[in-house]
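Okay, structure first, notes after.
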Amino acid sequence: MGFEEKRNELVDRIILEGNLKTDNVIKAFRKIRREEFVLSEHKDYAYADEPLPIFKKQTISQPSTVAIMTEALKPEKGNNILEIGSGSGYQAAILSEIISDKGRVVTIERHHELAEFAKKNLMGRKNIILIEGDGTLGCQEYAPYDRIIVTAEAPEIPKPLLDQLKEKGRLVIPIGNEMFLIEKKENQIKKRSLGYFVFVPLVGKHGYWRA
């Protein structure tokens with residue numbers, strides 16, 4: 001079975017499980033080649049619904065988890081999106097496809113080796129800006145954001161991210177081992193649980209600080 005067939009089979013399974021629902025998200029999942037975002041030794045497992053190791057003890061998230069986070073985020077054409085934790089670039093590529101060239105994804109990665117890997121994987125995607133640095137600070141230069149997604153477990157919501165989120169914006173973030181959808185309306189914060197997941201820790205000034 002080739003990669004395309006495996007990809008469509010995985011997408012069909014995630015749809016049946018109820019974790020992929022929206023046409024533009026499904027279309028992006030069918031188009032983005034996950035095998036291009038994993039290490040060469042793991043390509044045969046690219047369409048297993050499980051996380052895979054990349055560099056620096058980091059992982060590329062399980063496809064069904066990416067689906068749940070993306071559906072909760074509700075990205076739309078033209079959105080300005082901030083992603084914390086580029087990893088291999090897979091989530092950014094999915095978002096890039098959905099928002100089209102009318103939108104922008106700003107993605108931040110703290111590990112140099114991973115940032116370089118993601119940059120290579122995302123080459124040619126002109127609506128993505130990849131920054132190497134502390135993601136817990138967000139990126140004021142391109143703020144405010146319609147959507148913010150955090151792909152690492154935080155001890156709490158980093159204040160800079162809330163400050164950079166637009167009114168009526170959506171933020172998806174794991175806090176401890178529970179993932180939340182945060183909505184900002186009239187400067188009030190509405191919080192809804194999306195379930196329990198395992199992520200690597202969010203490291204930085206407003207995360208789990210490590211020198």
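Residues are referred to by chain and number: the chain letter is A, B, ... according to the order shown in the structure tokens, the number counts from 1 in that chain, and ligands are numbered separately from 1 in the order shown.
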
List every residue of segment 79-118 of chain A that has an atom at most 12 Å from any atom of segment 198-210 of chain A, giving for each one its closest atom pair and the distance in Å to one decimal, counting only C-alpha atoms, sorted by chain and then by ascending residue number, as a tab-separated table.
```
residue	atom	partner	partner_atom	distance
A:Ile84	CA	A:Leu202	CA	8.8
A:Gly85	CA	A:Leu202	CA	8.3
A:Ser86	CA	A:Leu202	CA	11.9
A:Gly87	CA	A:Val200	CA	10.9
A:Ile108	CA	A:Gly204	CA	11.8
A:Glu109	CA	A:Val203	CA	10.5
A:Arg110	CA	A:Val203	CA	8.4
A:His111	CA	A:Val203	CA	10.5
```

Write out as a list in words each polymer residue whose atoms come within 7 Å of segment 74-81 of chain A, counting only C-alpha atoms; drop sequence neighbours fewer than 3 positions from it.
Thr70, Glu71, Ile98, Ile99, Ser100, Lys102, Gly103, Arg104, Val105, Val106, Tyr145, Asp146, Arg147 and Ile148 of chain A

Neighbouring residues of Lys126 of chain A were defined as those with any atom within 9 Å, considering only C-alpha atoms; residues of the same chain fewer than 2 positions away were excluded. Please report them as a tab-separated table (two decimals) with C-alpha atoms, in the first residue's frame.
```tsv
chain	number	residue	atom	x	y	z
A	96	SER	CA	-1.13	26.80	6.12
A	101	ASP	CA	-2.24	32.57	0.90
A	104	ARG	CA	-0.40	33.70	7.85
A	122	LEU	CA	7.98	23.86	5.08
A	123	MET	CA	10.06	25.24	2.23
A	124	GLY	CA	7.90	26.85	-0.45
A	128	ILE	CA	4.46	30.57	7.08
A	129	ILE	CA	6.98	32.54	9.16
```

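With atom CA of Glu35 of chain A on one side and atom CA of Asn19 of chain A on the other, the separation reads 20.7 Å.
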
List every residue of segment 13-178 of chain A that DSSP, applied to the backbone, labels as strand (DSSP E), and write the result as a PyMOL selection string.
chain A and resi 52-53+59-60+80-84+104-109+128-132+145-150+165-175+178

Top pick for closest residue to Pro51 of chain A, considering A:Lys191, A:Phe197, A:Lys185, A:Glu178 and counting only C-alpha atoms:
A:Phe197

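Taking only C-alpha atoms, the non-local environment of Phe29 of chain A within 7 Å (same-chain residues fewer than 4 positions away omitted) comprises Val11, Val25 and Ile94 of chain A.
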
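If you measure from each of A:His112, A:Lys184, A:Lys159, A:Lys166 to Lys56 of chain A using only C-alpha atoms, the closest one turns out to be A:His112.
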
Apply DSSP to the structure's backbone, then extract all residues of segment 18-204 of chain A labelled helix (DSSP H, G or I) and return them as a ChimeraX atom specification.
/A:23-31,34-36,40-45,63-73,90-99,112-121,135-137,140-142,159-164

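Atom pair atom CA of Ser193 of chain A / atom CA of Phe180 of chain A: separated by 4.5 Å.
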
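For Ile54 of chain A, the list of residues within 10 Å, based on only C-alpha atoms and with local chain neighbours fewer than 5 positions off taken out, reads A:Phe37, A:Val38, A:Leu39, A:Ser40, A:His42, A:Thr59, A:Ile60, A:Gly87, A:Ser88, A:Leu114, A:Phe117.
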
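Put simply, atom CA of Tyr90 of chain A is 24.6 Å away from atom CA of Glu156 of chain A.
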
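Comparing A:Leu181, A:Gln58, A:Gln188, A:Tyr47 by their smallest distance to Met1 of chain A, the closest is A:Tyr47 (using only C-alpha atoms).
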